[in-house]
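Novice: Below you'll find structure_34.txt; it's compact mmCIF, C-alpha atoms.
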```txt
# COMPACT_ATOMS: atom_id res chain seq x y z
CA MET J 1 14.99 -13.75 30.73
CA THR J 2 12.99 -15.45 27.97
CA GLU J 3 13.97 -14.55 24.43
CA LYS J 4 11.05 -13.94 22.06
CA ARG J 5 11.17 -16.16 19.01
CA GLY J 6 10.50 -14.48 15.67
CA GLU J 7 7.49 -15.27 13.54
CA HIS J 8 7.56 -17.61 10.55
CA PHE J 9 6.54 -15.84 7.34
CA VAL J 10 5.57 -17.83 4.24
CA LEU J 11 5.72 -15.67 1.12
CA VAL J 12 3.58 -16.60 -1.90
CA HIS J 13 4.42 -14.92 -5.22
CA GLY J 14 2.06 -13.92 -8.00
CA SER J 15 1.80 -15.39 -11.48
CA LEU J 16 4.81 -15.26 -13.78
CA HIS J 17 7.04 -14.60 -10.78
CA GLY J 18 9.01 -16.79 -8.40
CA ALA J 19 10.31 -16.82 -4.85
CA TRP J 20 13.09 -14.51 -6.09
CA CYS J 21 10.67 -11.56 -6.14
CA TRP J 22 10.59 -11.58 -2.32
CA TYR J 23 14.37 -11.25 -1.83
CA LYS J 24 14.28 -7.74 -0.31
CA VAL J 25 11.31 -8.52 1.93
CA ALA J 26 12.81 -11.84 3.02
CA THR J 27 16.16 -10.21 3.79
CA ARG J 28 14.52 -7.53 5.90
CA LEU J 29 12.35 -10.00 7.82
CA ARG J 30 15.34 -12.24 8.54
CA SER J 31 17.36 -9.25 9.74
CA GLU J 32 14.56 -8.60 12.26
CA GLY J 33 14.86 -12.17 13.59
CA HIS J 34 12.01 -13.84 11.72
CA ARG J 35 12.03 -17.12 9.83
CA VAL J 36 11.11 -16.81 6.15
CA THR J 37 10.03 -19.37 3.58
CA ALA J 38 9.53 -18.22 0.00
CA LEU J 39 8.43 -21.03 -2.28
CA ASP J 40 8.37 -21.31 -6.05
CA SER J 41 4.96 -22.36 -7.32
CA ALA J 42 4.82 -25.11 -9.94
CA ALA J 43 6.75 -24.25 -13.13
CA CYS J 44 8.03 -21.00 -11.58
CA GLY J 45 11.52 -19.99 -10.52
CA ILE J 46 13.58 -23.11 -9.87
CA ASN J 47 10.59 -25.45 -9.49
CA PRO J 48 11.28 -28.34 -11.90
CA LYS J 49 7.68 -28.83 -13.05
CA GLN J 50 7.15 -27.85 -16.69
CA VAL J 51 4.44 -25.33 -17.57
CA GLN J 52 2.66 -27.95 -19.71
CA GLU J 53 2.20 -30.06 -16.56
CA VAL J 54 0.30 -27.32 -14.71
CA GLN J 55 -3.37 -27.87 -15.46
CA SER J 56 -5.09 -26.42 -12.39
CA TYR J 57 -4.79 -24.29 -9.26
CA THR J 58 -4.09 -27.52 -7.38
CA ASP J 59 -1.08 -28.21 -9.59
CA TYR J 60 0.17 -24.61 -9.37
CA TYR J 61 0.00 -24.43 -5.58
CA GLU J 62 1.19 -27.98 -4.89
CA PRO J 63 4.55 -26.78 -3.45
CA LEU J 64 2.70 -24.51 -0.98
CA MET J 65 0.29 -27.26 0.07
CA GLU J 66 3.13 -29.76 0.52
CA PHE J 67 4.99 -27.23 2.67
CA MET J 68 1.94 -26.50 4.81
CA ALA J 69 1.43 -30.23 5.37
CA THR J 70 4.96 -30.54 6.79
CA LEU J 71 4.54 -27.88 9.47
CA ALA J 72 4.60 -29.12 13.06
CA PRO J 73 1.12 -29.47 14.56
CA ASP J 74 1.71 -26.57 16.96
CA GLU J 75 3.38 -24.24 14.42
CA LYS J 76 1.48 -21.29 12.98
CA VAL J 77 2.75 -19.19 10.10
CA ILE J 78 2.00 -15.78 8.68
CA LEU J 79 1.01 -16.28 5.05
CA VAL J 80 1.69 -13.37 2.71
CA GLY J 81 0.39 -13.44 -0.85
CA HIS J 82 0.94 -10.96 -3.64
CA SER J 83 -1.26 -10.60 -6.72
CA TYR J 84 -2.29 -14.07 -7.93
CA GLY J 85 -0.63 -15.48 -4.79
CA GLY J 86 -3.76 -14.42 -2.93
CA TYR J 87 -5.48 -17.50 -4.33
CA GLY J 88 -2.75 -19.71 -2.89
CA VAL J 89 -3.14 -18.03 0.49
CA SER J 90 -6.91 -18.60 0.31
CA ILE J 91 -6.49 -22.26 -0.61
CA ALA J 92 -4.05 -22.77 2.27
CA MET J 93 -6.44 -20.99 4.67
CA GLU J 94 -9.21 -23.40 3.70
CA ALA J 95 -7.00 -26.49 3.92
CA TYR J 96 -4.90 -25.62 7.00
CA PRO J 97 -6.74 -23.04 9.15
CA GLU J 98 -5.09 -24.37 12.32
CA LYS J 99 -1.60 -23.67 10.92
CA ILE J 100 -2.16 -20.02 9.99
CA ALA J 101 -1.82 -17.19 12.50
CA VAL J 102 -2.49 -14.40 10.01
CA ALA J 103 -3.05 -14.08 6.28
CA VAL J 104 -1.86 -10.95 4.49
CA PHE J 105 -3.05 -10.05 1.00
CA VAL J 106 -0.65 -7.56 -0.63
CA ALA J 107 -2.38 -6.12 -3.70
CA ALA J 108 -3.67 -9.67 -4.06
CA ASN J 109 -6.71 -11.51 -5.31
CA MET J 110 -8.86 -12.21 -2.28
CA PRO J 111 -11.85 -14.52 -2.45
CA GLY J 112 -14.56 -13.80 0.10
CA PRO J 113 -17.82 -15.18 1.49
CA ASP J 114 -19.68 -14.63 -1.78
CA LEU J 115 -16.71 -15.39 -4.01
CA THR J 116 -15.02 -18.51 -2.68
CA TYR J 117 -11.99 -20.23 -4.14
CA LEU J 118 -14.22 -23.10 -5.28
CA THR J 119 -16.49 -20.71 -7.20
CA ILE J 120 -13.52 -19.00 -8.82
CA SER J 121 -11.87 -22.27 -9.78
CA GLN J 122 -15.06 -23.68 -11.30
CA ARG J 123 -15.68 -20.54 -13.37
CA SER J 124 -12.18 -19.70 -14.49
CA THR J 125 -9.85 -22.70 -14.36
CA THR J 126 -10.09 -23.58 -18.04
CA LYS J 127 -10.05 -19.97 -19.22
CA TYR J 128 -7.23 -18.88 -16.90
CA TRP J 129 -4.96 -21.87 -17.33
CA GLY J 130 -5.38 -21.86 -21.09
CA HIS J 131 -4.43 -18.18 -21.18
CA SER J 132 -1.53 -18.60 -18.72
CA ARG J 133 -0.11 -21.59 -20.58
CA MET J 134 -0.22 -19.57 -23.78
CA ILE J 135 1.64 -16.62 -22.16
CA CYS J 136 4.21 -18.88 -20.46
CA THR J 137 4.81 -20.82 -23.67
CA GLN J 138 5.39 -17.55 -25.54
CA LEU J 139 7.84 -16.37 -22.86
CA ILE J 140 9.73 -19.66 -22.93
CA LYS J 141 9.96 -19.56 -26.73
CA ALA J 142 11.15 -15.93 -26.61
CA ARG J 143 13.92 -16.89 -24.15
CA MET J 144 15.01 -19.77 -26.38
CA ASP J 145 15.19 -17.48 -29.41
CA VAL J 146 17.59 -15.09 -27.66
```
Rewrite the structure from the file as structure tokens, please.

Specialist:
Amino acid sequence: MTEKRGEHFVLVHGSLHGAWCWYKVATRLRSEGHRVTALDSAACGINPKQVQEVQSYTDYYEPLMEFMATLAPDEKVILVGHSYGGYGVSIAMEAYPEKIAVAVFVAANMPGPDLTYLTISQRSTTKYWGHSRMICTQLIKARMDV
């Protein structure tokens, strides 16, 4: 009898979160026999990059893109993005369509045919990253003051 191999889920967190936010979902998926990868985006969770070094979507999602590049040619994953993680899922879909079986957007930003990732990044990169850096810097300072 052939044993069915579980799926490989790649979980992409939203802004100001980390891979830690998926711990219950990851535990449940693993208990059902699936493989799970939850990555920290740049300057999130245990990722060593400093928030000041993150200047663009490309920088923020570098860990996801590096991971996708390492997948075996015949491996397909199920990408799951929450909130701002939807952009990371969209970027990965554009860059690695052959490595994605399904993309799931959980209450996530979801570019579409008339609102592509490129359009979003051109319109909002400076505004968003400036605002995010300000928020992250305030959070870091608040933690240091405790």

Novice: Please identify all polymer residues within 6 Å of range 8-13 of chain J, counting all atoms listed in the file, omitting same-chain residues fewer than 5 positions from it, and present them as a ChimeraX atom specification.

Specialist: /J:18,34-38,77-82,85

Novice: Do you have the CA of Glu66 in chain J-CA of Ala92 in chain J distance handy?

Specialist: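 About the pair CA of Glu66 in chain J and CA of Ala92 in chain J: they are 10.2 Å apart.
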
Novice: Given the choices J:Asn47, J:Gln55, J:Ser83, J:Thr70, which gets closest to Ser15 in chain J if the distance is worked out from only C-alpha atoms?

Specialist: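 With only C-alpha atoms as the atom set, the closest residue is J:Ser83.
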
Novice: Just need the box for range 90-96 of chain J, edges along x, y and z, holding every atom the file lists for it with 3 Å tacked onto each side, so centre and edge lengths in Å to one decimal, as AutoDock Vina command-line options.

Specialist:
```
--center_x -6.6 --center_y -22.5 --center_z 3.2 --size_x 11.2 --size_y 13.9 --size_z 13.6
```

Novice: Fix up range 59-70 of chain J with all heavy atoms, then write it as a PDB file, in the coordinates of the input.

Specialist:
```pdb
ATOM      1  N   ASP J  59      -2.431 -27.965  -9.089  1.00  0.00           N
ATOM      2  CA  ASP J  59      -1.080 -28.210  -9.590  1.00  0.00           C
ATOM      3  C   ASP J  59      -0.159 -27.026  -9.276  1.00  0.00           C
ATOM      4  O   ASP J  59       0.967 -27.205  -8.824  1.00  0.00           O
ATOM      5  CB  ASP J  59      -1.073 -28.423 -11.108  1.00  0.00           C
ATOM      6  CG  ASP J  59      -1.774 -29.693 -11.548  1.00  0.00           C
ATOM      7  OD1 ASP J  59      -1.986 -30.590 -10.704  1.00  0.00           O
ATOM      8  OD2 ASP J  59      -2.118 -29.782 -12.742  1.00  0.00           O
ATOM      9  N   TYR J  60      -0.645 -25.814  -9.533  1.00  0.00           N
ATOM     10  CA  TYR J  60       0.170 -24.610  -9.370  1.00  0.00           C
ATOM     11  C   TYR J  60       0.597 -24.405  -7.925  1.00  0.00           C
ATOM     12  O   TYR J  60       1.724 -24.021  -7.648  1.00  0.00           O
ATOM     13  CB  TYR J  60      -0.619 -23.398  -9.879  1.00  0.00           C
ATOM     14  CG  TYR J  60       0.187 -22.128  -9.954  1.00  0.00           C
ATOM     15  CD1 TYR J  60       1.171 -21.966 -10.929  1.00  0.00           C
ATOM     16  CD2 TYR J  60      -0.036 -21.082  -9.072  1.00  0.00           C
ATOM     17  CE1 TYR J  60       1.908 -20.797 -11.017  1.00  0.00           C
ATOM     18  CE2 TYR J  60       0.697 -19.907  -9.157  1.00  0.00           C
ATOM     19  CZ  TYR J  60       1.664 -19.767 -10.128  1.00  0.00           C
ATOM     20  OH  TYR J  60       2.394 -18.610 -10.213  1.00  0.00           O
ATOM     21  N   TYR J  61      -0.302 -24.657  -6.997  1.00  0.00           N
ATOM     22  CA  TYR J  61       0.000 -24.430  -5.580  1.00  0.00           C
ATOM     23  C   TYR J  61       0.422 -25.685  -4.829  1.00  0.00           C
ATOM     24  O   TYR J  61       0.505 -25.677  -3.608  1.00  0.00           O
ATOM     25  CB  TYR J  61      -1.192 -23.756  -4.886  1.00  0.00           C
ATOM     26  CG  TYR J  61      -1.368 -22.339  -5.360  1.00  0.00           C
ATOM     27  CD1 TYR J  61      -2.482 -21.958  -6.077  1.00  0.00           C
ATOM     28  CD2 TYR J  61      -0.384 -21.386  -5.128  1.00  0.00           C
ATOM     29  CE1 TYR J  61      -2.627 -20.664  -6.533  1.00  0.00           C
ATOM     30  CE2 TYR J  61      -0.517 -20.094  -5.581  1.00  0.00           C
ATOM     31  CZ  TYR J  61      -1.632 -19.738  -6.281  1.00  0.00           C
ATOM     32  OH  TYR J  61      -1.759 -18.457  -6.736  1.00  0.00           O
ATOM     33  N   GLU J  62       0.739 -26.750  -5.536  1.00  0.00           N
ATOM     34  CA  GLU J  62       1.190 -27.980  -4.890  1.00  0.00           C
ATOM     35  C   GLU J  62       2.398 -27.761  -3.970  1.00  0.00           C
ATOM     36  O   GLU J  62       2.401 -28.275  -2.844  1.00  0.00           O
ATOM     37  CB  GLU J  62       1.506 -29.045  -5.946  1.00  0.00           C
ATOM     38  CG  GLU J  62       1.896 -30.377  -5.365  1.00  0.00           C
ATOM     39  CD  GLU J  62       2.134 -31.425  -6.442  1.00  0.00           C
ATOM     40  OE1 GLU J  62       2.248 -31.078  -7.628  1.00  0.00           O
ATOM     41  OE2 GLU J  62       2.220 -32.601  -6.075  1.00  0.00           O
ATOM     42  N   PRO J  63       3.421 -26.998  -4.371  1.00  0.00           N
ATOM     43  CA  PRO J  63       4.550 -26.780  -3.450  1.00  0.00           C
ATOM     44  C   PRO J  63       4.113 -26.116  -2.131  1.00  0.00           C
ATOM     45  O   PRO J  63       4.601 -26.492  -1.060  1.00  0.00           O
ATOM     46  CB  PRO J  63       5.488 -25.868  -4.239  1.00  0.00           C
ATOM     47  CG  PRO J  63       5.181 -26.173  -5.670  1.00  0.00           C
ATOM     48  CD  PRO J  63       3.692 -26.411  -5.693  1.00  0.00           C
ATOM     49  N   LEU J  64       3.199 -25.166  -2.189  1.00  0.00           N
ATOM     50  CA  LEU J  64       2.700 -24.510  -0.980  1.00  0.00           C
ATOM     51  C   LEU J  64       1.942 -25.502  -0.101  1.00  0.00           C
ATOM     52  O   LEU J  64       2.153 -25.565   1.112  1.00  0.00           O
ATOM     53  CB  LEU J  64       1.812 -23.320  -1.329  1.00  0.00           C
ATOM     54  CG  LEU J  64       1.113 -22.627  -0.155  1.00  0.00           C
ATOM     55  CD1 LEU J  64       2.121 -22.049   0.837  1.00  0.00           C
ATOM     56  CD2 LEU J  64       0.172 -21.543  -0.670  1.00  0.00           C
ATOM     57  N   MET J  65       1.083 -26.297  -0.707  1.00  0.00           N
ATOM     58  CA  MET J  65       0.290 -27.260   0.070  1.00  0.00           C
ATOM     59  C   MET J  65       1.183 -28.326   0.699  1.00  0.00           C
ATOM     60  O   MET J  65       0.965 -28.723   1.845  1.00  0.00           O
ATOM     61  CB  MET J  65      -0.775 -27.923  -0.812  1.00  0.00           C
ATOM     62  CG  MET J  65      -1.846 -26.980  -1.340  1.00  0.00           C
ATOM     63  SD  MET J  65      -2.784 -26.170  -0.024  1.00  0.00           S
ATOM     64  CE  MET J  65      -2.130 -24.549  -0.103  1.00  0.00           C
ATOM     65  N   GLU J  66       2.192 -28.770  -0.039  1.00  0.00           N
ATOM     66  CA  GLU J  66       3.130 -29.760   0.520  1.00  0.00           C
ATOM     67  C   GLU J  66       3.882 -29.155   1.703  1.00  0.00           C
ATOM     68  O   GLU J  66       4.091 -29.815   2.713  1.00  0.00           O
ATOM     69  CB  GLU J  66       4.107 -30.238  -0.557  1.00  0.00           C
ATOM     70  CG  GLU J  66       3.469 -31.144  -1.578  1.00  0.00           C
ATOM     71  CD  GLU J  66       4.408 -31.540  -2.702  1.00  0.00           C
ATOM     72  OE1 GLU J  66       5.537 -30.993  -2.794  1.00  0.00           O
ATOM     73  OE2 GLU J  66       4.012 -32.402  -3.513  1.00  0.00           O
ATOM     74  N   PHE J  67       4.293 -27.902   1.569  1.00  0.00           N
ATOM     75  CA  PHE J  67       4.990 -27.230   2.670  1.00  0.00           C
ATOM     76  C   PHE J  67       4.089 -27.111   3.890  1.00  0.00           C
ATOM     77  O   PHE J  67       4.505 -27.425   5.014  1.00  0.00           O
ATOM     78  CB  PHE J  67       5.483 -25.847   2.231  1.00  0.00           C
ATOM     79  CG  PHE J  67       6.059 -25.071   3.373  1.00  0.00           C
ATOM     80  CD1 PHE J  67       7.343 -25.333   3.817  1.00  0.00           C
ATOM     81  CD2 PHE J  67       5.306 -24.111   4.031  1.00  0.00           C
ATOM     82  CE1 PHE J  67       7.865 -24.641   4.900  1.00  0.00           C
ATOM     83  CE2 PHE J  67       5.821 -23.416   5.106  1.00  0.00           C
ATOM     84  CZ  PHE J  67       7.109 -23.682   5.548  1.00  0.00           C
ATOM     85  N   MET J  68       2.867 -26.669   3.688  1.00  0.00           N
ATOM     86  CA  MET J  68       1.940 -26.500   4.810  1.00  0.00           C
ATOM     87  C   MET J  68       1.701 -27.827   5.530  1.00  0.00           C
ATOM     88  O   MET J  68       1.594 -27.866   6.753  1.00  0.00           O
ATOM     89  CB  MET J  68       0.605 -25.910   4.329  1.00  0.00           C
ATOM     90  CG  MET J  68       0.695 -24.491   3.804  1.00  0.00           C
ATOM     91  SD  MET J  68       1.227 -23.262   5.013  1.00  0.00           S
ATOM     92  CE  MET J  68      -0.139 -23.302   6.168  1.00  0.00           C
ATOM     93  N   ALA J  69       1.652 -28.907   4.784  1.00  0.00           N
ATOM     94  CA  ALA J  69       1.430 -30.230   5.370  1.00  0.00           C
ATOM     95  C   ALA J  69       2.595 -30.665   6.261  1.00  0.00           C
ATOM     96  O   ALA J  69       2.405 -31.467   7.178  1.00  0.00           O
ATOM     97  CB  ALA J  69       1.204 -31.260   4.270  1.00  0.00           C
ATOM     98  N   THR J  70       3.788 -30.135   6.005  1.00  0.00           N
ATOM     99  CA  THR J  70       4.960 -30.540   6.790  1.00  0.00           C
ATOM    100  C   THR J  70       5.160 -29.739   8.068  1.00  0.00           C
ATOM    101  O   THR J  70       6.025 -30.082   8.874  1.00  0.00           O
ATOM    102  CB  THR J  70       6.257 -30.433   5.960  1.00  0.00           C
ATOM    103  OG1 THR J  70       6.502 -29.057   5.665  1.00  0.00           O
ATOM    104  CG2 THR J  70       6.165 -31.239   4.678  1.00  0.00           C
TER     105      THR J  70
END
```
